[in-house]
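Engineer: Please find data-v8.txt (compact mmCIF, C-alpha atoms) on the next line:
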```txt
# COMPACT_ATOMS: atom_id res chain seq x y z
CA MET A 149 0.00 0.00 0.00
CA GLU A 150 1.16 3.46 -0.95
CA ILE A 151 1.14 6.45 1.37
CA LYS A 152 0.22 8.73 -1.53
CA GLU A 153 -2.95 6.79 -2.17
CA PHE A 154 -3.69 6.62 1.57
CA ILE A 155 -3.41 10.40 1.87
CA ALA A 156 -5.80 10.85 -1.05
CA ASN A 157 -8.30 8.44 0.53
CA PHE A 158 -7.91 10.23 3.85
CA ALA A 159 -8.48 13.62 2.21
CA ASP A 160 -11.66 12.31 0.56
CA GLN A 161 -13.32 12.17 3.97
CA PHE A 162 -13.17 15.96 4.24
CA ASP A 163 -15.47 18.39 2.45
CA ASP A 164 -14.04 21.84 3.13
CA THR A 165 -10.31 21.37 3.68
CA ASP A 166 -7.99 22.20 0.78
CA ALA A 167 -6.36 19.12 -0.75
CA ASN A 168 -2.92 20.74 -0.37
CA GLU A 169 -3.31 20.60 3.39
CA PHE A 170 -2.98 16.82 3.40
CA LYS A 171 0.61 15.64 3.63
CA ALA A 172 2.28 12.69 5.36
CA GLU A 173 3.39 14.98 8.17
CA THR A 174 0.03 16.74 8.59
CA VAL A 175 -1.17 16.63 12.20
CA PHE A 176 -4.72 15.76 11.21
CA LYS A 177 -6.38 16.49 14.55
CA GLU A 178 -5.33 20.12 14.18
CA LEU A 179 -7.27 20.54 10.95
CA ASP A 180 -10.29 22.79 11.51
CA GLU A 181 -12.62 20.30 9.91
CA TRP A 182 -11.44 17.29 11.93
CA SER A 183 -14.21 15.93 14.13
CA SER A 184 -15.34 12.71 15.72
CA LEU A 185 -17.69 12.21 12.76
CA ILE A 186 -14.80 12.49 10.27
CA ALA A 187 -12.99 9.95 12.43
CA LEU A 188 -15.83 7.51 11.79
CA SER A 189 -15.56 8.14 8.06
CA VAL A 190 -11.84 7.41 8.22
CA ILE A 191 -12.46 4.13 10.08
CA ALA A 192 -15.07 3.20 7.46
CA MET A 193 -12.74 4.15 4.59
CA VAL A 194 -9.89 2.04 6.03
CA ASP A 195 -12.29 -0.88 6.47
CA GLU A 196 -13.46 -0.59 2.87
CA GLU A 197 -10.20 0.19 1.12
CA TYR A 198 -7.73 -1.82 3.19
CA ASN A 199 -9.91 -4.41 4.95
CA VAL A 200 -8.42 -3.27 8.26
CA THR A 201 -10.36 -2.47 11.42
CA LEU A 202 -8.90 0.63 13.04
CA LYS A 203 -9.75 1.01 16.70
CA GLY A 204 -10.42 4.22 18.55
CA ASP A 205 -6.98 3.98 20.16
CA ASP A 206 -5.28 3.74 16.74
CA ILE A 207 -6.72 7.14 15.88
CA ARG A 208 -6.06 8.58 19.34
CA ASN A 209 -2.43 7.40 19.30
CA SER A 210 -1.72 8.79 15.82
CA ASN A 211 -0.67 12.38 15.33
CA THR A 212 0.16 12.59 11.66
CA ILE A 213 -1.44 11.01 8.62
CA GLU A 214 1.74 8.96 8.27
CA ASP A 215 1.27 7.60 11.83
CA LEU A 216 -2.19 6.45 10.84
CA PHE A 217 -0.89 5.00 7.59
CA ASN A 218 1.65 3.00 9.59
CA ALA A 219 -1.07 1.78 11.96
CA VAL A 220 -3.08 0.55 8.97
CA LYS A 221 -0.02 -0.97 7.33
CA ALA A 222 0.85 -2.88 10.49
CA LYS A 223 -2.59 -4.48 10.49
CA ALA A 224 -2.91 -5.08 6.77
CA MET B 76 -19.16 -18.23 18.73
CA ALA B 77 -22.08 -19.46 20.80
CA PHE B 78 -24.69 -20.87 18.45
CA LEU B 79 -28.10 -21.92 19.67
CA GLU B 80 -31.20 -23.32 18.04
CA THR B 81 -34.51 -23.40 19.87
CA LYS B 82 -37.61 -25.22 18.66
CA HIS B 83 -41.36 -25.23 19.32
CA VAL B 84 -41.56 -21.57 20.34
CA ALA B 85 -43.28 -19.21 17.91
CA VAL B 86 -43.60 -15.44 17.83
CA ARG B 87 -47.33 -14.66 18.01
CA GLY B 88 -47.35 -10.90 18.38
CA MET B 89 -45.26 -7.78 18.65
CA SER B 90 -46.03 -4.29 19.92
CA ALA B 91 -44.13 -1.13 20.80
CA CYS B 92 -44.79 1.91 22.93
CA VAL B 93 -43.08 5.32 22.88
CA PRO B 94 -43.63 8.58 24.74
CA LYS B 95 -45.93 11.02 22.94
CA ASN B 96 -43.48 13.85 23.61
CA ILE B 97 -41.11 14.51 20.69
CA GLU B 98 -37.77 16.28 20.65
CA LYS B 99 -36.60 17.54 17.26
CA ASN B 100 -32.85 17.23 16.82
CA ILE B 101 -32.66 20.40 14.76
CA ASP B 102 -33.73 22.21 17.94
CA THR B 103 -31.71 20.04 20.31
CA TYR B 104 -28.51 20.60 18.33
CA GLN B 105 -28.93 24.35 17.92
CA LYS B 106 -26.60 25.20 20.81
CA TRP B 107 -23.76 23.30 19.12
CA GLY B 108 -24.18 24.65 15.59
CA ASP B 109 -25.54 23.44 12.27
CA TYR B 110 -27.22 20.05 12.48
CA THR B 111 -27.29 19.35 8.72
CA LYS B 112 -23.99 17.47 8.47
CA VAL B 113 -24.60 15.55 11.66
CA ARG B 114 -28.10 14.65 10.45
CA ASN B 115 -26.69 13.21 7.26
CA LEU B 116 -24.46 10.93 9.27
CA ILE B 117 -26.58 9.83 12.23
CA GLY B 118 -29.89 9.94 10.35
CA ILE B 119 -32.03 11.06 13.28
CA ASP B 120 -34.69 13.76 12.87
CA GLN B 121 -36.47 13.33 16.17
CA ARG B 122 -36.75 11.22 19.28
CA HIS B 123 -39.68 10.32 21.51
CA VAL B 124 -38.65 11.05 25.10
CA PHE B 125 -40.30 11.14 28.50
CA ILE B 126 -39.97 14.47 30.28
CA ASP B 127 -42.46 13.78 33.04
CA GLY B 128 -40.77 11.11 35.14
CA ARG B 129 -42.46 8.10 33.60
CA CYS B 130 -40.30 5.01 33.29
CA THR B 131 -39.46 1.89 31.31
CA SER B 132 -42.20 -0.16 32.99
CA ASP B 133 -44.81 2.38 31.84
CA LEU B 134 -43.78 1.73 28.25
CA PHE B 135 -43.74 -2.04 28.79
CA TYR B 136 -47.14 -1.96 30.49
CA SER B 137 -48.89 -0.12 27.66
CA ALA B 138 -47.20 -2.23 24.98
CA ALA B 139 -48.33 -5.41 26.76
CA GLU B 140 -51.91 -4.38 27.56
CA LYS B 141 -52.66 -3.63 23.92
CA LEU B 142 -50.90 -6.73 22.64
CA ILE B 143 -52.58 -9.10 25.12
CA GLU B 144 -55.95 -7.59 24.24
CA GLU B 145 -55.43 -8.01 20.50
CA LEU B 146 -54.04 -11.52 20.92
CA GLY B 147 -57.13 -12.40 22.90
CA TRP B 148 -54.92 -14.07 25.51
CA SER B 149 -56.11 -14.59 29.06
CA LYS B 150 -53.65 -13.07 31.50
CA ASP B 151 -53.89 -16.24 33.57
CA ASP B 152 -52.27 -18.15 30.72
CA ILE B 153 -49.07 -16.08 30.78
CA ASP B 154 -46.43 -18.20 32.51
CA ALA B 155 -43.29 -16.12 32.04
CA ILE B 156 -42.14 -12.56 31.51
CA VAL B 157 -38.62 -11.44 30.76
CA CYS B 158 -37.73 -7.75 30.81
CA VAL B 159 -34.60 -6.63 28.97
CA THR B 160 -33.61 -3.16 30.11
CA GLN B 161 -30.70 -1.11 31.42
CA THR B 162 -32.95 1.67 32.67
CA PRO B 163 -35.08 -0.12 35.26
CA ASP B 164 -37.52 1.86 37.42
CA PHE B 165 -35.39 0.97 40.45
CA ILE B 166 -31.98 -0.57 41.18
CA GLN B 167 -34.10 -3.10 43.10
CA PRO B 168 -36.60 -4.74 42.54
CA PRO B 169 -36.62 -6.11 38.98
CA VAL B 170 -38.95 -4.41 36.52
CA ALA B 171 -40.42 -7.84 35.75
CA CYS B 172 -41.81 -8.12 39.29
CA ILE B 173 -43.38 -4.65 39.12
CA LEU B 174 -44.89 -5.53 35.77
CA GLN B 175 -46.24 -8.92 36.91
CA ASN B 176 -48.29 -7.11 39.51
CA ARG B 177 -49.29 -4.16 37.38
CA LEU B 178 -50.42 -6.32 34.49
CA GLY B 179 -52.40 -8.47 36.90
CA LEU B 180 -50.54 -11.66 36.02
CA LYS B 181 -50.87 -14.72 38.23
CA GLU B 182 -48.45 -15.49 41.05
CA ASP B 183 -47.10 -18.63 39.48
CA CYS B 184 -45.37 -16.63 36.79
CA PHE B 185 -41.66 -16.74 36.02
CA ALA B 186 -40.37 -13.16 36.01
CA THR B 187 -36.86 -11.83 35.59
CA ASP B 188 -34.88 -8.91 34.20
CA ILE B 189 -31.94 -9.12 31.83
CA PRO B 190 -29.69 -6.08 32.02
CA HIS B 191 -28.59 -5.87 28.40
CA GLY B 192 -28.62 -2.99 25.92
CA CYS B 193 -28.45 -3.00 22.15
CA SER B 194 -27.99 -6.77 21.81
CA GLY B 195 -30.72 -7.31 24.40
CA TRP B 196 -33.75 -8.21 22.35
CA VAL B 197 -31.91 -11.09 20.69
CA TYR B 198 -30.39 -12.17 24.01
CA GLY B 199 -33.79 -12.01 25.68
CA LEU B 200 -35.36 -14.00 22.87
CA SER B 201 -32.69 -16.69 23.18
CA ILE B 202 -33.32 -16.96 26.92
CA LEU B 203 -37.12 -16.99 26.85
CA CYS B 204 -37.24 -19.42 23.91
CA SER B 205 -34.78 -21.73 25.71
CA LEU B 206 -36.98 -21.58 28.79
CA MET B 207 -40.15 -22.35 26.86
CA GLN B 208 -39.00 -24.94 24.36
CA ASN B 209 -39.64 -28.01 26.53
CA GLY B 210 -43.30 -27.08 26.79
CA SER B 211 -43.76 -26.49 30.52
CA ILE B 212 -44.24 -22.79 29.95
CA LYS B 213 -46.80 -22.22 27.22
CA LYS B 214 -47.07 -18.47 26.87
CA GLY B 215 -44.43 -15.85 27.58
CA LEU B 216 -43.85 -12.16 27.05
CA LEU B 217 -40.48 -10.70 26.17
CA PHE B 218 -40.13 -7.02 26.95
CA SER B 219 -37.23 -4.95 25.71
CA GLY B 220 -36.45 -1.27 25.72
CA ASP B 221 -35.07 1.62 27.65
CA THR B 222 -35.68 5.20 28.58
CA ALA B 223 -32.32 5.75 26.92
CA SER B 224 -32.81 9.53 26.74
CA LYS B 225 -32.45 9.69 30.51
CA VAL B 226 -28.85 8.47 30.48
CA ALA B 227 -27.56 11.10 28.04
CA SER B 228 -26.17 14.37 29.33
CA PRO B 229 -28.18 17.37 28.08
CA GLU B 230 -24.79 18.96 27.39
CA ASP B 231 -23.16 16.12 25.45
CA LYS B 232 -23.49 16.62 21.70
CA THR B 233 -22.21 13.11 21.03
CA THR B 234 -24.99 11.30 22.89
CA LEU B 235 -27.98 13.62 23.40
CA PRO B 236 -29.11 13.62 19.74
CA LEU B 237 -28.90 9.83 19.59
CA PHE B 238 -31.13 8.33 22.24
CA GLY B 239 -34.89 7.92 22.31
CA ASP B 240 -37.23 6.04 24.64
CA ALA B 241 -39.18 2.94 23.66
CA GLY B 242 -40.58 -0.21 25.21
CA THR B 243 -41.60 -3.27 23.23
CA CYS B 244 -43.43 -6.50 23.87
CA THR B 245 -42.96 -9.75 21.93
CA ALA B 246 -45.45 -12.54 22.60
CA LEU B 247 -44.15 -16.11 22.42
CA GLU B 248 -46.09 -19.35 22.50
CA TYR B 249 -45.14 -23.02 22.75
CA THR B 250 -46.25 -24.94 19.68
CA ASP B 251 -46.08 -28.52 18.42
CA GLU B 252 -44.78 -27.19 15.12
CA GLU B 253 -41.02 -27.05 14.60
CA ALA B 254 -40.85 -23.23 14.86
CA SER B 255 -37.06 -23.12 14.92
CA ILE B 256 -35.23 -19.95 15.92
CA LYS B 257 -31.51 -19.79 15.37
CA PHE B 258 -29.07 -17.65 17.29
CA ALA B 259 -25.45 -16.53 17.33
CA LEU B 260 -24.38 -14.84 20.57
CA CYS B 261 -21.05 -13.15 21.33
CA THR B 262 -19.31 -11.09 24.01
CA ASP B 263 -16.12 -9.04 24.31
CA GLY B 264 -15.91 -7.73 27.85
CA SER B 265 -12.53 -6.14 27.13
CA GLY B 266 -14.66 -3.37 25.64
CA SER B 267 -16.78 -2.94 28.76
CA ASP B 268 -15.34 0.56 29.24
CA LYS B 269 -16.38 1.71 25.75
CA ILE B 270 -20.01 2.36 26.69
CA VAL B 271 -20.40 2.92 30.40
CA ILE B 272 -22.25 4.81 33.12
CA ARG B 273 -19.54 5.02 35.73
CA ASP B 274 -21.35 5.81 38.97
CA GLY B 275 -24.42 4.41 40.63
CA GLY B 276 -23.51 0.73 40.79
CA TYR B 277 -21.42 -0.73 43.58
CA ARG B 278 -17.98 -0.37 41.95
CA HIS B 279 -18.41 3.39 42.08
CA PRO B 280 -21.41 4.08 44.30
CA PHE B 281 -23.37 7.29 43.81
CA ASN B 282 -21.39 9.88 45.78
CA ALA B 283 -21.07 13.60 46.49
CA HIS B 284 -19.23 14.17 43.18
CA THR B 285 -21.37 11.98 40.94
CA LEU B 286 -23.39 14.92 39.67
CA ASP B 287 -20.39 17.23 39.09
CA MET B 288 -20.56 18.31 35.45
CA ILE B 289 -17.14 17.87 33.84
CA ASP B 290 -16.16 19.61 30.59
CA TYR B 291 -14.28 17.20 28.32
CA GLY B 292 -14.12 19.76 25.50
CA ASP B 293 -15.54 19.61 21.99
CA GLY B 294 -19.16 19.83 23.11
CA ILE B 295 -18.97 17.09 25.72
CA VAL B 296 -20.01 18.06 29.24
CA ARG B 297 -21.35 15.29 31.44
CA ASN B 298 -21.33 13.82 34.92
CA ASN B 299 -20.53 10.32 36.11
CA ASN B 300 -24.18 9.35 36.13
CA HIS B 301 -24.42 10.06 32.39
CA ILE B 302 -23.48 7.67 29.64
CA PHE B 303 -19.95 7.77 28.25
CA MET B 304 -19.48 6.36 24.77
CA ASP B 305 -16.23 5.93 22.88
CA GLY B 306 -17.87 6.43 19.50
CA MET B 307 -14.85 5.48 17.41
CA SER B 308 -14.26 2.19 19.20
CA VAL B 309 -17.95 1.27 19.15
CA PHE B 310 -18.14 2.07 15.46
CA SER B 311 -15.15 -0.08 14.53
CA PHE B 312 -16.49 -2.87 16.75
CA ALA B 313 -19.92 -2.84 15.15
CA ILE B 314 -18.87 -2.64 11.51
CA SER B 315 -16.47 -5.54 11.94
CA LYS B 316 -18.38 -7.85 14.30
CA ALA B 317 -22.03 -7.54 13.26
CA PRO B 318 -21.66 -8.47 9.55
CA LYS B 319 -19.36 -11.36 10.41
CA GLN B 320 -21.78 -12.72 12.99
CA ILE B 321 -24.70 -12.64 10.55
CA LYS B 322 -22.52 -14.38 7.96
CA ASP B 323 -21.55 -17.05 10.51
CA LEU B 324 -25.21 -17.56 11.51
CA VAL B 325 -26.26 -17.96 7.89
CA GLU B 326 -23.45 -20.43 7.18
CA LYS B 327 -23.90 -22.45 10.36
CA TYR B 328 -27.59 -23.09 9.74
CA SER B 329 -27.49 -23.04 5.91
CA ILE B 330 -29.99 -20.20 5.81
CA ASN B 331 -30.97 -19.19 2.29
CA GLN B 332 -30.35 -15.45 2.24
CA GLU B 333 -32.44 -15.06 -0.89
CA GLU B 334 -35.48 -15.94 1.21
CA ILE B 335 -34.89 -13.36 3.93
CA ASP B 336 -37.62 -10.72 3.78
CA TYR B 337 -35.96 -8.22 6.08
CA TYR B 338 -32.75 -7.72 7.97
CA VAL B 339 -33.46 -5.71 11.09
CA LEU B 340 -30.36 -4.11 12.53
CA HIS B 341 -30.16 -2.40 15.88
CA GLN B 342 -30.81 1.25 15.04
CA ALA B 343 -27.46 2.58 16.28
CA ASN B 344 -26.94 5.41 13.84
CA LEU B 345 -27.53 5.59 10.12
CA PHE B 346 -23.87 5.80 9.13
CA MET B 347 -23.00 2.67 11.09
CA ASP B 348 -26.00 0.68 9.92
CA GLU B 349 -25.52 1.71 6.29
CA LYS B 350 -21.90 0.66 6.51
CA ILE B 351 -23.02 -2.76 7.79
CA ARG B 352 -25.65 -2.98 5.05
CA ARG B 353 -23.15 -2.17 2.30
CA LYS B 354 -20.58 -4.54 3.74
CA MET B 355 -23.15 -7.34 3.60
CA LYS B 356 -24.15 -6.29 0.08
CA LEU B 357 -27.82 -6.00 1.03
CA SER B 358 -30.26 -3.94 -0.98
CA HIS B 359 -32.05 -0.94 0.58
CA GLU B 360 -35.37 -2.78 0.40
CA LYS B 361 -34.13 -5.58 2.66
CA VAL B 362 -32.97 -3.38 5.52
CA LEU B 363 -35.55 -1.52 7.57
CA TYR B 364 -34.95 1.79 9.32
CA CYS B 365 -36.95 3.73 11.89
CA ILE B 366 -34.03 5.67 13.34
CA GLU B 367 -35.11 8.94 11.72
CA GLU B 368 -38.32 8.91 13.75
CA PHE B 369 -37.29 7.32 17.04
CA GLY B 370 -33.48 7.58 17.37
CA ASN B 371 -31.45 4.82 19.03
CA THR B 372 -33.78 3.06 21.45
CA SER B 373 -31.30 0.47 22.73
CA SER B 374 -32.83 -3.01 23.12
CA GLY B 375 -36.17 -1.69 21.86
CA SER B 376 -34.89 -0.91 18.40
CA ILE B 377 -35.27 -4.26 16.59
CA PRO B 378 -38.93 -4.89 17.51
CA LEU B 379 -39.72 -1.16 17.23
CA THR B 380 -38.36 -1.18 13.67
CA LEU B 381 -40.47 -4.18 12.74
CA VAL B 382 -43.63 -2.86 14.38
CA SER B 383 -43.29 0.64 12.93
CA ARG B 384 -42.04 -0.25 9.45
CA ALA B 385 -43.47 -3.69 8.67
CA LYS B 386 -46.76 -3.74 10.56
CA GLU B 387 -48.89 -4.84 7.60
CA ASP B 388 -46.36 -7.47 6.51
CA LEU B 389 -46.23 -8.85 10.04
CA LYS B 390 -50.02 -9.13 10.11
CA ASN B 391 -50.60 -10.41 6.60
CA LYS B 392 -47.57 -12.43 5.59
CA HIS B 393 -45.23 -15.21 6.58
CA LEU B 394 -41.88 -13.47 7.05
CA LYS B 395 -38.34 -14.76 7.32
CA LEU B 396 -36.26 -12.34 9.32
CA ILE B 397 -32.78 -11.75 10.67
CA GLY B 398 -32.34 -9.48 13.67
CA SER B 399 -28.92 -8.20 14.71
CA GLY B 400 -28.11 -6.25 17.86
CA PHE B 401 -24.70 -4.88 18.88
CA GLY B 402 -23.43 -2.52 21.55
CA VAL B 403 -22.85 -2.10 25.27
CA GLY B 404 -20.93 -4.98 26.87
CA LEU B 405 -19.52 -5.21 24.33
CA SER B 406 -22.15 -7.70 23.28
CA TRP B 407 -23.57 -8.72 19.93
CA ALA B 408 -26.24 -11.17 18.94
CA ALA B 409 -28.08 -12.21 15.80
CA ALA B 410 -31.17 -14.34 15.29
CA TYR B 411 -32.97 -15.93 12.38
CA PHE B 412 -36.69 -16.21 13.09
CA GLU B 413 -39.98 -16.37 11.27
CA THR B 414 -43.31 -14.72 11.86
CA ASP B 415 -46.56 -15.98 10.36
CA HIS B 416 -49.52 -13.61 10.33
CA ILE B 417 -48.82 -12.33 13.82
CA VAL B 418 -50.75 -9.82 15.88
CA CYS B 419 -49.32 -6.31 15.64
CA PRO B 420 -51.15 -3.32 17.11
CA GLY B 421 -48.43 -0.97 15.86
CA VAL B 422 -46.71 1.75 17.84
CA ILE B 423 -48.65 3.06 20.83
CA GLU B 424 -47.96 6.57 22.12
CA ILE B 425 -48.49 7.44 25.78
```
Before we go any further, please render this structure as structure tokens.
Structural biologist:
Amino acid sequence: MEIKEFIANFADQFDDTDANEFKAETVFKELDEWSSLIALSVIAMVDEEYNVTLKGDDIRNSNTIEDLFNAVKAKA
Amino acid sequence: MAFLETKHVAVRGMSACVPKNIEKNIDTYQKWGDYTKVRNLIGIDQRHVFIDGRCTSDLFYSAAEKLIEELGWSKDDIDAIVCVTQTPDFIQPPVACILQNRLGLKEDCFATDIPHGCSGWVYGLSILCSLMQNGSIKKGLLFSGDTASKVASPEDKTTLPLFGDAGTCTALEYTDEEASIKFALCTDGSGSDKIVIRDGGYRHPFNAHTLDMIDYGDGIVRNNNHIFMDGMSVFSFAISKAPKQIKDLVEKYSINQEEIDYYVLHQANLFMDEKIRRKMKLSHEKVLYCIEEFGNTSSGSIPLTLVSRAKEDLKNKHLKLIGSGFGVGLSWAAAYFETDHIVCPGVIEI
């Protein structure tokens, strides 16, 4: 799995945030649009695209998009 | 996975009762901002909630009175009642005992509570059917539901818009026919802290600080007598466990999915249930929803969905159904059951 593709999938869960804001090192929880509802969309996206079940703690323990990517990769 | 098949117990009727009072989420959510986006995800327009101190047993009582009347059953023939609820009238005694008296049921009546939430209707069905299948107990009533609105903090935007109140009654009867009901029942207590009301039991008794409102940020202010829910963990639990359990149930008992009339999922929130539906590749027509009108009504949601959305089918057809409940515990349970021209008075408002 590619981080570039993961970032694009991650960005798809947002409506109002500019696509340029999403980088591997982006601290996603600091994005204005980040919310607990977006978190659910991300969990659903990871389940659909990567067949991986992210837990609440995986999201809580990740700071950057790359952290989350690594969490998914470890379970894939 | 715990599989179970019961025989000789048939569903004869189903009713539901909700408070007349309605709270519109567009109003409820106003203090936190625009509800539109949240509505699209959770799918709830309104909830029926008690604001006058009435309780779970009031909902159960009205649901039962109407159902017993329409069934034409004599109250003296009812041998067992099982009440599934996590919002009993009292810590002690069981709701079932209060209800036995209030309904005017005979003394030689089995009565017990089962403190389960979202998986509770299926769990309750498995227990009452098991109890009845040897034929000693001929008629039984399964109650399920909660005054779930009472456990949500009025200042918690993550739970207040979700929960509605409902009580349901399912009438079961021993029969010589096969009347098989098939169950899959699961538990993961490692997630017991994911949905929890911390104080008020005996691990953390109600104390001087129980009612202290604590601000957790991001629109979440609650006390230790309110429900806490780790939404992300519950979501990932439900979308992974519920579809797999239904698949396992279908495979174990060689159930022909083509013949299933409706899948009735616990009405958790629309986003979660739709995710489960899509994962199972089920068409919209096969999956019933009533969440927009009643919210998440805990163990009441499966029968409430059937009664409110398939009343005519229940009365006029032979249906093959799968019910699936998942939530607090963590606990999840699925059942395959059939109904054949059953009695259904619909949703009663009190």
Engineer: Residues around (-31.5, 10.8, 15.4), cut-off 9 Å, counting only C-alpha atoms - what are they as a ChimeraX atom specification?
Structural biologist: /B:99-100,114,117-122,236-239,344-345,366-371
Engineer: Hey, can you spit out that residue selection with C-alpha atoms as a short mmCIF file (atom, residue, chain, number, x, y, z; two decimals), keeping the file's coordinate frame?
Structural biologist:
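Result file follows (again-v3.cif):
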```
data_model
loop_
_atom_site.label_atom_id
_atom_site.label_comp_id
_atom_site.auth_asym_id
_atom_site.auth_seq_id
_atom_site.Cartn_x
_atom_site.Cartn_y
_atom_site.Cartn_z
CA LYS B 99 -36.60 17.54 17.26
CA ASN B 100 -32.85 17.23 16.82
CA ARG B 114 -28.10 14.65 10.45
CA ILE B 117 -26.58 9.83 12.23
CA GLY B 118 -29.89 9.94 10.35
CA ILE B 119 -32.03 11.06 13.28
CA ASP B 120 -34.69 13.76 12.87
CA GLN B 121 -36.47 13.33 16.17
CA ARG B 122 -36.75 11.22 19.28
CA PRO B 236 -29.11 13.62 19.74
CA LEU B 237 -28.90 9.83 19.59
CA PHE B 238 -31.13 8.33 22.24
CA GLY B 239 -34.89 7.92 22.31
CA ASN B 344 -26.94 5.41 13.84
CA LEU B 345 -27.53 5.59 10.12
CA ILE B 366 -34.03 5.67 13.34
CA GLU B 367 -35.11 8.94 11.72
CA GLU B 368 -38.32 8.91 13.75
CA PHE B 369 -37.29 7.32 17.04
CA GLY B 370 -33.48 7.58 17.37
CA ASN B 371 -31.45 4.82 19.03
#
```
Engineer: Dump as a list in words the residues of chain B that approach chain A to within 6 Å, counting all atoms listed in the file.
Structural biologist: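 Here is what falls inside 6 Å: Met307, Ser308 and Ser311 of chain B.
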Engineer: Kindly give the distance, in Å, that separates CA of Cys419 (chain B) and CA of Glu145 (chain B), rounded to a single decimal.
Structural biologist: 8.0 Å
Engineer: If we count all atoms listed in the file, what is near Trp148 (chain B) at a cut-off of 12 Å, once residues fewer than 6 positions away on the same chain are taken out, given as a ChimeraX atom specification?
Structural biologist: /B:87-88,139-142,154,180,213-216,246-248,418
Engineer: Box time for region 282-288 of chain B: axis-aligned, enclosing all its listed atoms, 8 Å extra on each side; report centre and edge lengths in Å to one decimal, as lines of an AutoDock Vina configuration file.
Structural biologist:
```
center_x = -21.3
center_y = 14.1
center_z = 41.0
size_x = 20.2
size_y = 24.4
size_z = 27.0
```
Engineer: For a quick check of understanding, using only C-alpha atoms, which of B:Lys112, B:Lys350, B:Lys257, B:His301 has the smallest distance to Lys395 (chain B)?
Structural biologist: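 Ranked by minimum distance to Lys395 (chain B), first place goes to B:Lys257.
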Engineer: Distance CA of Tyr328 (chain B)-CA of Glu252 (chain B), one decimal place?
Structural biologist: 18.5 Å
Engineer: Show me as a list in words the residues that reach within 8 Å of (-23.5, 15.4, 39.8), counting all atoms listed in the file and using the file's own coordinates.
Structural biologist: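 With a cut-off of 8 Å, the residues come to Ala283, His284, Thr285, Leu286, Asp287, Met288, Asn298, Asn299 and Asn300 of chain B.
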Engineer: Considering all atoms listed in the file, return as a PDB file with C-alpha atoms, keeping the file's coordinate frame whatever protein or nucleic-acid residues lie within 9 Å of Lys177 (chain A), sequence-local ones (same chain, fewer than 4 positions apart) excluded.
Structural biologist:
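The resulting file, out18.pdb, is shown below:
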```
ATOM      1  CA  GLU A 181     -12.620  20.300   9.910  1.00  0.00           C
ATOM      2  CA  TRP A 182     -11.440  17.290  11.930  1.00  0.00           C
ATOM      3  CA  SER A 183     -14.210  15.930  14.130  1.00  0.00           C
ATOM      4  CA  ASN A 211      -0.670  12.380  15.330  1.00  0.00           C
ATOM      5  CA  THR A 212       0.160  12.590  11.660  1.00  0.00           C
TER       6      THR A 212
END
```
Engineer: Closest to Gly199 (chain B) among B:Asp415, B:Glu333, B:His359, B:Gly400, using all atoms listed in the file?
Structural biologist: B:Gly400
Engineer: For each of A:Glu197, A:Leu179, A:Lys221, A:Asp215, take the minimum atom-to-atom distance to Ala156 (chain A), counting only C-alpha atoms, then give the residue where this is smallest.
Structural biologist: A:Glu197
Engineer: Near Glu326 (chain B), counting all atoms listed in the file, which residues have an atom at most 12 Å away, once you skip same-chain residues fewer than 4 positions from it, shown as a PyMOL selection string?
Structural biologist: chain B and resi 78+257-259+319-322+330-332+411
